[in-house]
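Text of target21.cif (mmCIF, C-alpha atoms) as supplied:
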```
data_work
loop_
_atom_site.label_atom_id
_atom_site.label_comp_id
_atom_site.auth_asym_id
_atom_site.auth_seq_id
_atom_site.Cartn_x
_atom_site.Cartn_y
_atom_site.Cartn_z
CA MET A 145 -4.28 286.71 -42.75
CA LEU A 146 -2.35 283.69 -43.98
CA ASN A 147 0.57 286.00 -44.33
CA THR A 148 0.32 287.02 -40.68
CA PHE A 149 0.33 283.35 -39.77
CA ILE A 150 3.35 282.37 -41.86
CA ASN A 151 5.13 285.47 -40.71
CA SER A 152 4.61 284.75 -37.03
CA VAL A 153 5.54 281.06 -37.28
CA PHE A 154 8.67 281.24 -39.39
CA ILE A 155 10.01 284.72 -39.95
CA GLU A 156 9.32 286.41 -36.65
CA ASN A 157 9.76 283.23 -34.69
CA MET A 158 9.59 284.06 -30.97
CA ILE A 159 12.78 282.20 -30.18
CA PHE A 160 14.99 282.65 -33.21
CA ALA A 161 14.22 286.26 -33.99
CA TYR A 162 13.48 287.70 -30.54
CA PHE A 163 14.84 285.14 -28.04
CA LEU A 164 11.59 285.17 -26.11
CA GLY A 165 10.93 282.29 -23.76
CA MET A 166 14.58 281.30 -23.80
CA CYS A 167 14.72 280.41 -20.12
CA SER A 168 12.17 277.62 -20.31
CA PHE A 169 13.34 276.82 -23.84
CA LEU A 170 16.77 275.90 -22.52
CA ALA A 171 15.60 274.32 -19.29
CA VAL A 172 12.89 272.05 -20.69
CA SER A 173 14.37 271.03 -24.03
CA LYS A 174 16.17 267.96 -22.74
CA ASN A 175 13.72 265.43 -24.17
CA VAL A 176 11.14 265.59 -26.92
CA LYS A 177 8.13 264.46 -24.90
CA THR A 178 8.21 267.14 -22.22
CA ALA A 179 9.22 269.72 -24.82
CA LEU A 180 6.10 268.87 -26.81
CA GLY A 181 3.99 269.18 -23.65
CA LEU A 182 5.30 272.63 -22.83
CA GLY A 183 5.00 273.68 -26.47
CA ILE A 184 1.33 272.73 -26.56
CA ALA A 185 0.68 274.49 -23.27
CA VAL A 186 2.33 277.69 -24.51
CA THR A 187 0.37 277.62 -27.78
CA PHE A 188 -2.85 277.07 -25.86
CA VAL A 189 -2.28 279.98 -23.49
CA GLN A 190 -1.15 282.17 -26.36
CA ILE A 191 -4.38 281.50 -28.30
CA ILE A 192 -6.41 282.76 -25.35
CA THR A 193 -4.31 285.61 -24.00
CA VAL A 194 -3.47 287.45 -27.22
CA PRO A 195 -7.11 288.03 -28.32
CA VAL A 196 -8.21 288.84 -24.76
CA ASN A 197 -5.43 291.38 -24.40
CA TYR A 198 -6.26 292.71 -27.86
CA LEU A 199 -9.84 293.41 -26.80
CA LEU A 200 -8.71 295.01 -23.54
CA GLU A 201 -6.18 297.15 -25.37
CA ASN A 202 -8.67 298.41 -27.94
CA TYR A 203 -11.76 298.87 -25.80
CA ILE A 204 -10.26 299.97 -22.49
CA LEU A 205 -6.60 300.94 -22.53
CA LYS A 206 -5.79 302.82 -25.73
CA ALA A 207 -6.18 306.59 -25.99
CA GLY A 208 -9.82 307.23 -26.83
CA ALA A 209 -10.69 303.54 -26.45
CA LEU A 210 -13.23 304.27 -23.72
CA SER A 211 -15.38 306.43 -25.99
CA TRP A 212 -18.11 303.73 -26.00
CA LEU A 213 -18.82 304.82 -22.44
CA GLY A 214 -19.79 308.32 -23.56
CA GLU A 215 -18.33 311.50 -24.99
CA SER A 216 -16.58 312.62 -21.81
CA PHE A 217 -14.39 309.48 -21.79
CA ARG A 218 -12.94 310.22 -25.23
CA SER A 219 -9.82 311.86 -23.84
CA VAL A 220 -8.96 309.12 -21.33
CA ASP A 221 -5.66 307.38 -22.04
CA LEU A 222 -4.94 304.38 -19.84
CA SER A 223 -2.12 302.93 -21.93
CA PHE A 224 0.38 303.34 -19.09
CA LEU A 225 -1.54 300.60 -17.30
CA SER A 226 -1.03 298.10 -20.09
CA PHE A 227 1.90 296.20 -18.53
CA ILE A 228 0.03 295.58 -15.30
CA ILE A 229 -3.21 294.65 -17.06
CA PHE A 230 -1.51 292.28 -19.49
CA ILE A 231 0.46 290.46 -16.85
CA ALA A 232 -2.62 290.20 -14.62
CA VAL A 233 -4.60 288.70 -17.52
CA ILE A 234 -1.86 286.21 -18.29
CA ALA A 235 -1.38 285.18 -14.68
CA SER A 236 -5.10 284.73 -14.06
CA ILE A 237 -5.72 282.87 -17.32
CA THR A 238 -2.97 280.38 -16.59
CA GLN A 239 -4.41 279.96 -13.10
CA ILE A 240 -7.94 279.36 -14.45
CA LEU A 241 -6.64 277.05 -17.15
CA GLU A 242 -4.75 275.04 -14.55
CA MET A 243 -7.92 274.59 -12.49
CA ILE A 244 -10.02 273.61 -15.56
CA VAL A 245 -7.46 271.14 -16.82
CA GLU A 246 -7.09 269.65 -13.36
CA LYS A 247 -10.84 269.20 -13.01
CA TYR A 248 -11.93 267.93 -16.41
CA THR A 249 -8.98 266.29 -18.12
CA PRO A 250 -6.78 264.53 -15.60
CA ALA A 251 -4.79 262.85 -18.38
CA LEU A 252 -3.78 266.17 -19.89
CA ASN A 253 -3.08 267.48 -16.42
CA ALA A 254 -0.61 264.68 -15.77
CA SER A 255 1.44 265.71 -18.78
CA LEU A 256 1.01 269.50 -18.68
CA GLY A 257 0.46 270.02 -14.96
CA ILE A 258 3.92 271.13 -13.95
CA PHE A 259 4.31 273.48 -16.89
CA LEU A 260 1.15 275.52 -16.59
CA PRO A 261 2.22 277.65 -13.60
CA LEU A 262 5.58 278.25 -15.29
CA ILE A 263 3.88 279.79 -18.28
CA ALA A 264 2.81 282.90 -16.40
CA VAL A 265 6.44 284.01 -16.36
CA ASN A 266 7.29 282.82 -19.86
CA CYS A 267 8.48 285.80 -21.84
CA ALA A 268 7.01 284.44 -25.06
CA ILE A 269 3.47 284.91 -23.73
CA MET A 270 4.03 288.44 -22.48
CA GLY A 271 6.02 289.14 -25.64
CA GLY A 272 3.11 287.98 -27.80
CA SER A 273 0.80 290.48 -26.13
CA LEU A 274 3.33 293.31 -26.33
CA PHE A 275 4.04 292.68 -30.01
CA MET A 276 0.31 292.54 -30.63
CA GLN A 277 0.05 295.98 -29.03
CA GLN A 278 2.90 297.29 -31.17
CA LYS A 279 1.62 295.85 -34.45
CA ALA A 280 -1.89 297.33 -34.00
CA PHE A 281 -3.84 294.63 -35.84
CA PRO A 282 -7.03 295.76 -37.63
CA ASN A 283 -9.35 293.28 -35.89
CA VAL A 284 -9.44 290.53 -33.31
CA GLY A 285 -9.19 287.82 -36.00
CA TYR A 286 -5.69 288.89 -36.92
CA ALA A 287 -4.72 289.00 -33.26
CA THR A 288 -5.94 285.43 -32.79
CA VAL A 289 -4.06 284.23 -35.85
CA TYR A 290 -0.96 285.95 -34.53
CA GLY A 291 -1.41 284.19 -31.17
CA VAL A 292 -1.76 280.78 -32.85
CA GLY A 293 1.21 281.42 -35.12
CA SER A 294 3.60 282.64 -32.47
CA GLY A 295 2.66 279.75 -30.19
CA LEU A 296 3.19 277.19 -32.95
CA GLY A 297 6.50 278.78 -33.88
CA TRP A 298 7.63 278.38 -30.29
CA LEU A 299 6.46 274.75 -30.30
CA ILE A 300 8.37 273.91 -33.48
CA ALA A 301 11.49 275.53 -32.08
CA ILE A 302 11.46 273.73 -28.72
CA VAL A 303 10.63 270.32 -30.20
CA GLY A 304 13.37 270.66 -32.80
CA MET A 305 15.82 271.73 -30.14
CA ALA A 306 14.92 268.81 -27.89
CA ALA A 307 15.35 266.34 -30.74
CA ILE A 308 18.82 267.70 -31.50
CA ARG A 309 19.83 267.65 -27.84
CA GLU A 310 18.75 264.02 -27.49
CA LYS A 311 21.06 263.09 -30.36
CA LEU A 312 23.81 265.28 -28.97
CA GLN A 313 24.34 263.15 -25.89
CA TYR A 314 26.63 260.90 -27.88
CA SER A 315 28.85 263.57 -29.36
CA ASP A 316 32.20 264.72 -28.08
CA ILE A 317 31.97 268.33 -26.97
CA PRO A 318 34.76 270.35 -25.29
CA LYS A 319 34.13 270.07 -21.57
CA PRO A 320 33.59 273.74 -20.63
CA LEU A 321 31.13 274.07 -23.50
CA LYS A 322 28.95 271.15 -22.39
CA GLY A 323 25.35 271.80 -21.44
CA LEU A 324 24.44 275.44 -21.61
CA GLY A 325 27.21 276.54 -23.95
CA ILE A 326 26.49 274.09 -26.72
CA ALA A 327 22.76 274.66 -26.34
CA PHE A 328 23.33 278.32 -27.15
CA ILE A 329 25.36 277.49 -30.23
CA ILE A 330 22.75 275.05 -31.52
CA THR A 331 20.04 277.64 -31.04
CA ALA A 332 22.15 280.10 -33.01
CA LEU A 333 22.60 277.64 -35.86
CA MET A 334 18.87 276.86 -35.90
CA GLY A 335 18.24 280.59 -35.93
CA LEU A 336 20.48 281.01 -38.95
CA GLY A 337 18.54 278.20 -40.62
CA PHE A 338 15.24 279.91 -39.90
CA MET A 339 16.54 283.13 -41.38
CA SER A 340 16.31 281.52 -44.79
CA PHE A 341 12.53 281.85 -44.46
CA SER A 342 12.71 285.62 -44.38
CA GLY A 343 11.11 287.32 -47.33
CA ILE A 344 8.43 284.68 -47.87
CA LYS A 345 5.09 286.24 -48.75
CA ILE A 346 1.85 284.53 -49.68
CA MET B 227 27.66 291.01 2.60
CA LYS B 228 30.49 291.44 0.15
CA GLU B 229 29.89 287.93 -1.14
CA ILE B 230 26.24 288.63 -1.84
CA PHE B 231 27.39 291.46 -4.05
CA VAL B 232 30.41 289.90 -5.75
CA ASN B 233 29.18 286.34 -6.38
CA PRO B 234 26.59 287.20 -9.05
CA LEU B 235 29.25 289.06 -11.02
CA ASN B 236 31.18 285.93 -11.80
CA LYS B 237 30.81 282.67 -9.87
CA ASN B 238 27.05 282.80 -9.71
CA ASN B 239 26.33 284.98 -12.73
CA PRO B 240 22.59 285.14 -13.43
CA VAL B 241 22.95 284.65 -17.19
CA THR B 242 25.76 282.19 -17.63
CA VAL B 243 25.41 280.12 -14.47
CA GLN B 244 21.89 280.47 -13.10
CA MET B 245 20.46 280.53 -16.66
CA LEU B 246 18.09 283.37 -15.81
CA GLY B 247 16.97 286.27 -17.93
CA ILE B 248 18.43 285.09 -21.18
CA CYS B 249 15.28 286.09 -23.03
CA SER B 250 15.86 289.79 -23.04
CA ALA B 251 19.62 289.59 -22.65
CA LEU B 252 20.23 288.87 -26.29
CA ALA B 253 17.81 290.85 -28.37
CA VAL B 254 18.96 294.26 -27.15
CA THR B 255 22.68 293.74 -27.63
CA SER B 256 23.23 294.56 -31.30
CA LYS B 257 24.54 297.94 -30.12
CA LEU B 258 26.24 299.00 -26.90
CA GLU B 259 23.93 301.85 -25.95
CA PRO B 260 20.63 299.94 -25.65
CA ALA B 261 22.56 297.20 -23.84
CA LEU B 262 23.73 299.71 -21.23
CA VAL B 263 20.27 301.20 -20.79
CA MET B 264 18.73 297.76 -20.50
CA ALA B 265 21.32 296.72 -17.91
CA LEU B 266 20.64 299.83 -15.87
CA SER B 267 16.85 299.37 -16.04
CA VAL B 268 17.06 295.74 -14.97
CA THR B 269 19.39 296.58 -12.08
CA VAL B 270 17.00 299.25 -10.81
CA VAL B 271 13.97 296.99 -11.13
CA VAL B 272 15.60 293.96 -9.48
CA ALA B 273 17.01 295.99 -6.61
CA PHE B 274 13.78 297.79 -5.75
CA ALA B 275 11.54 294.78 -6.35
CA ASN B 276 13.79 292.84 -3.98
CA VAL B 277 13.45 295.53 -1.30
CA ILE B 278 9.67 295.81 -1.62
CA ILE B 279 9.06 292.07 -1.58
CA SER B 280 11.48 291.68 1.29
CA LEU B 281 9.56 294.29 3.29
CA LEU B 282 6.28 292.55 2.51
CA ARG B 283 7.59 289.03 2.90
CA ASN B 284 5.84 288.26 6.17
CA THR B 285 2.46 289.54 5.03
CA ILE B 286 2.16 287.86 1.62
CA PRO B 287 0.10 284.67 1.71
CA ASN B 288 2.09 281.87 0.13
CA ARG B 289 -0.55 280.84 -2.41
CA ILE B 290 -0.86 284.16 -4.18
CA ARG B 291 2.75 285.28 -3.88
CA ILE B 292 3.45 284.97 -7.62
CA ILE B 293 0.65 287.40 -8.46
CA VAL B 294 1.77 289.84 -5.77
CA GLN B 295 5.33 289.70 -7.09
CA LEU B 296 4.15 290.24 -10.66
CA VAL B 297 2.13 293.28 -9.67
CA VAL B 298 5.03 294.86 -7.77
CA VAL B 299 7.40 294.21 -10.68
CA ALA B 300 4.91 295.41 -13.28
CA ALA B 301 4.42 298.66 -11.37
CA LEU B 302 8.20 299.25 -11.17
CA VAL B 303 8.67 298.46 -14.85
CA THR B 304 5.88 300.87 -15.77
CA ILE B 305 7.69 303.62 -13.87
CA VAL B 306 10.99 302.80 -15.61
CA ASN B 307 9.25 302.77 -18.97
CA GLU B 308 7.64 306.16 -18.44
CA ILE B 309 10.96 307.65 -17.29
CA LEU B 310 12.75 306.30 -20.37
CA LYS B 311 10.03 307.63 -22.65
CA ALA B 312 10.41 311.05 -21.06
CA PHE B 313 14.22 311.34 -20.94
CA ALA B 314 15.64 308.89 -23.50
CA TYR B 315 13.00 308.56 -26.18
CA ASP B 316 15.26 307.20 -28.96
CA VAL B 317 16.64 304.40 -26.81
CA SER B 318 13.19 303.54 -25.52
CA LYS B 319 12.01 303.22 -29.16
CA GLN B 320 14.94 300.88 -29.87
CA LEU B 321 14.25 298.73 -26.86
CA SER B 322 10.55 298.60 -27.86
CA VAL B 323 8.84 295.68 -26.15
CA PHE B 324 11.89 294.55 -24.24
CA ILE B 325 11.39 297.05 -21.44
CA GLY B 326 7.94 295.56 -20.88
CA LEU B 327 9.51 292.14 -20.92
CA ILE B 328 11.58 292.93 -17.82
CA ILE B 329 8.38 291.95 -15.99
CA THR B 330 8.69 288.38 -17.13
CA ASN B 331 12.46 288.43 -16.96
CA CYS B 332 13.34 285.37 -14.97
CA ILE B 333 16.11 287.22 -13.09
CA VAL B 334 13.56 289.38 -11.33
CA MET B 335 11.22 286.54 -10.41
CA GLY B 336 14.11 284.19 -9.69
CA ARG B 337 15.78 286.54 -7.20
CA LEU B 338 12.47 287.40 -5.57
CA GLU B 339 11.70 283.73 -5.04
CA ALA B 340 15.19 282.64 -4.10
CA PHE B 341 16.40 285.56 -2.02
CA ALA B 342 13.99 288.36 -1.15
CA LEU B 343 11.31 286.08 0.30
CA ALA B 344 13.74 284.83 2.93
CA ASN B 345 15.98 287.80 3.70
CA LYS B 346 15.96 291.28 5.22
CA PRO B 347 15.57 294.36 2.99
CA TRP B 348 19.20 295.54 3.02
CA PRO B 349 20.84 292.24 1.94
CA SER B 350 18.03 291.88 -0.61
CA PHE B 351 18.89 295.27 -2.06
CA VAL B 352 22.57 294.31 -2.34
CA ASP B 353 21.62 290.99 -3.92
CA GLY B 354 19.41 292.79 -6.44
CA VAL B 355 22.12 295.26 -7.39
CA GLY B 356 24.69 292.47 -7.67
CA ASN B 357 22.51 290.34 -9.91
CA GLY B 358 21.49 293.28 -12.04
CA LEU B 359 25.14 294.15 -12.55
CA GLY B 360 26.07 290.54 -13.29
CA TYR B 361 23.39 290.50 -15.95
CA GLY B 362 24.53 293.88 -17.22
CA LEU B 363 28.12 292.67 -17.44
CA ILE B 364 27.18 289.92 -19.92
CA LEU B 365 24.98 292.34 -21.85
CA VAL B 366 27.76 294.89 -22.14
CA ILE B 367 30.36 292.29 -23.19
CA VAL B 368 28.06 290.95 -25.92
CA GLY B 369 26.97 294.42 -27.01
CA PHE B 370 30.58 295.63 -27.12
CA PHE B 371 31.75 292.89 -29.47
CA ARG B 372 28.65 292.97 -31.66
CA GLU B 373 28.84 296.70 -32.24
CA LEU B 374 32.62 296.72 -32.64
CA LEU B 375 32.78 293.85 -35.11
CA GLY B 376 29.40 294.41 -36.74
CA SER B 377 29.41 298.15 -37.36
CA GLY B 378 32.97 299.14 -36.48
CA ALA B 379 31.68 301.58 -33.89
CA LEU B 380 31.17 301.96 -30.15
CA LEU B 381 28.21 303.87 -28.72
CA GLY B 382 27.67 305.20 -32.24
CA PHE B 383 31.20 306.62 -32.69
CA LYS B 384 33.42 305.09 -35.34
CA VAL B 385 36.46 303.50 -33.68
CA ILE B 386 37.98 301.53 -36.53
CA PRO B 387 39.99 303.99 -38.63
CA ASP B 388 39.23 304.43 -42.34
CA LYS B 389 42.77 303.36 -43.21
CA ILE B 390 42.01 299.79 -42.24
CA TYR B 391 38.93 299.76 -44.44
CA GLU B 392 41.10 300.86 -47.34
CA TRP B 393 43.34 297.88 -46.71
CA GLY B 394 40.38 295.62 -47.27
CA TYR B 395 38.83 295.24 -43.79
CA GLU B 396 35.07 294.66 -43.87
CA ASN B 397 32.48 294.91 -41.11
CA ASN B 398 31.16 291.49 -40.20
CA GLY B 399 27.46 291.75 -41.08
CA LEU B 400 26.77 288.45 -39.35
CA MET B 401 27.35 290.12 -35.98
CA ILE B 402 24.27 292.29 -36.41
CA LEU B 403 22.03 289.25 -36.93
CA PRO B 404 20.29 287.89 -33.83
CA PRO B 405 21.86 284.40 -33.79
CA MET B 406 25.35 285.79 -33.25
CA ALA B 407 24.35 287.04 -29.80
CA LEU B 408 23.84 283.41 -28.81
CA VAL B 409 27.25 282.39 -30.13
CA LEU B 410 28.90 285.23 -28.21
CA VAL B 411 27.19 284.24 -24.96
CA ALA B 412 28.31 280.67 -25.59
CA CYS B 413 31.89 281.95 -25.95
CA VAL B 414 31.59 283.90 -22.69
CA ILE B 415 30.38 280.74 -20.96
CA TRP B 416 33.22 278.78 -22.52
CA VAL B 417 35.87 281.21 -21.30
CA GLN B 418 34.31 281.49 -17.85
CA LYS B 419 33.98 277.75 -17.32
CA SER B 420 37.44 276.86 -18.49
CA ARG B 421 38.92 279.56 -16.24
CA ASP B 422 36.92 278.77 -13.11
CA LYS B 423 37.51 275.06 -13.28
#
```

What would the structure in this file look like if it were written as structure tokens?
Amino acid sequence: MLNTFINSVFIENMIFAYFLGMCSFLAVSKNVKTALGLGIAVTFVQIITVPVNYLLENYILKAGALSWLGESFRSVDLSFLSFIIFIAVIASITQILEMIVEKYTPALNASLGIFLPLIAVNCAIMGGSLFMQQKAFPNVGYATVYGVGSGLGWLIAIVGMAAIREKLQYSDIPKPLKGLGIAFIITALMGLGFMSFSGIKI
Amino acid sequence: MKEIFVNPLNKNNPVTVQMLGICSALAVTSKLEPALVMALSVTVVVAFANVIISLLRNTIPNRIRIIVQLVVVAALVTIVNEILKAFAYDVSKQLSVFIGLIITNCIVMGRLEAFALANKPWPSFVDGVGNGLGYGLILVIVGFFRELLGSGALLGFKVIPDKIYEWGYENNGLMILPPMALVLVACVIWVQKSRDK
């Protein structure tokens, strides 16, 4: 289980290995504070959506998953619905989360508020659920750990990126490369750095 | 009408200028073939999602429009996924989760929000095709160089003759690794910006 965690944070990092959530990664990584806010929000949503989607996948969608309803449901295969179900779960959970945060923790809302609706279309969240489906974890515990790990990996990546970009304001970059171009190159270099983690096993 | 189609190919390219859809643009480009299939799938999804949303635009309540858009896109992507599984199984295995990720591809949502909600179906269709192709263009450029330099092949066929290998040419293994996709896109941006200036 620890291995799943380490694996999802460092080796299969959402951003550096799969480029998931790049859009918001590039758009929001201009300063560390907002980057941290978005990172926390993503981790939070990931912790909830991955296990929920895991349960849906294994008890409703997969071939034969409906057998708890009775023998005649054993042959039902709803896996073609998984995209729609997953995205609906993600969209509604972010919506619910937004309402809860707004109601009970106004301070958190002030810092996360603008990011929560954005998360519904963050590829890292959808990617987490789809990878979960592909990896076929043995139980919901593993799925939760995977959710936590992939969220934290995303957080580390965006905070690191924001810190580098803050420092970068003072450096002399070729004009056409400024902004988006250099951001890509930094991400690539960070990705190469993260590759040195590959092969770690605990 | 021509502008709607041509602009996204260069001046207003979804990947390099609008910064949309980078997520899936990079992971599928280590070879040319999946890049082409991905480009085609995205073009189809964007074009038809644009048309459907544009037809529905006056009936969708503003508050729940995101969910409506997601459902329309998810349905289209499911269809594309099933078609790929049926007719191009190998490629669909290679693309794995990235077909599913077209749903959250910012190009689709971005064009729906920015264009289809305010325009008639036909211009929306053209806009969708244009943006899909603009996205595909970047994908194909990146995929072309990564496969050529990384494995010395194009679409699986060897193009670099054995003679050159005998002279000491080596495939650049770095090109296969994911980070190099980012560097290549950065180069594309660099070239484009210094030319358009």

Evaluated on this file, the PyMOL selection byres ((chain A) within 8 of (chain B)) picks out some residues - which ones are they, written as a ChimeraX atom specification?
/A:160-167,224-225,227-228,231-232,235,265-267,270-271,274-275,278,320-321,324-326,328-329,331-333,335-336

Just say which residues the PyMOL selection byres ((chain A and resi 285) around 12) picks in this file, as an MDAnalysis selection string.
chainID A and resid 145:146 148:149 191 194:196 198:199 276 281:284 286:292

Option closest in space to Gln320 (chain B), from B:Ala340, B:Ile364, B:Met264, B:Leu282 [counting all atoms listed in the file]:
B:Met264

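Nearest to Gln295 (chain B) of all the residues B:Ser318, B:Leu343, B:Val270, B:Leu262 is B:Leu343, counting all atoms listed in the file.
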
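Close contacts of Ala306 (chain A), defined as residues with an atom at most 6 Å away when counting only C-alpha atoms, with chain neighbours fewer than 5 positions off set aside, comprise Ser173, Lys174, Asn175 and Val176 of chain A.
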
Using the chain letters and numbers from the file, which residues does the PyMOL selection byres ((chain B and resi 367-375) around 6) grab, as a PDB file with C-alpha atoms, in the frame of the given file?
```pdb
ATOM      1  CA  THR B 255      22.680 293.740 -27.630  1.00  0.00           C
ATOM      2  CA  SER B 256      23.230 294.560 -31.300  1.00  0.00           C
ATOM      3  CA  LYS B 257      24.540 297.940 -30.120  1.00  0.00           C
ATOM      4  CA  LEU B 258      26.240 299.000 -26.900  1.00  0.00           C
ATOM      5  CA  ILE B 364      27.180 289.920 -19.920  1.00  0.00           C
ATOM      6  CA  LEU B 365      24.980 292.340 -21.850  1.00  0.00           C
ATOM      7  CA  VAL B 366      27.760 294.890 -22.140  1.00  0.00           C
ATOM      8  CA  GLY B 376      29.400 294.410 -36.740  1.00  0.00           C
ATOM      9  CA  SER B 377      29.410 298.150 -37.360  1.00  0.00           C
ATOM     10  CA  GLY B 378      32.970 299.140 -36.480  1.00  0.00           C
ATOM     11  CA  ALA B 379      31.680 301.580 -33.890  1.00  0.00           C
ATOM     12  CA  LEU B 380      31.170 301.960 -30.150  1.00  0.00           C
ATOM     13  CA  ASN B 398      31.160 291.490 -40.200  1.00  0.00           C
ATOM     14  CA  MET B 401      27.350 290.120 -35.980  1.00  0.00           C
TER      15      MET B 401
END
```

Could you check how far CA of Ala342 (chain B) sits from CA of Asn276 (chain B), in Å to one decimal?
5.3 Å

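Using only C-alpha atoms, the smallest distance between any of A:Ile192, A:Leu213, A:Leu182, A:Val220 and Leu170 (chain A) comes from A:Leu182.
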
By how many Å are CA of Leu381 (chain B) and CA of Asn357 (chain B) apart?
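If I compute the distance from CA of Leu381 (chain B) to CA of Asn357 (chain B), I get 23.9 Å.
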
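If you look at CA of Thr178 (chain A) and CA of Met334 (chain A), they are 19.9 Å away from each other.
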
Counting all atoms listed in the file, write as a VMD selection string all protein and nucleic acid residues lying at most 10 Å from (11.2, 282.0, -33.4) in the file's frame.
chain A and resid 152 to 165 268 294 to 302 334 to 335 338 to 339
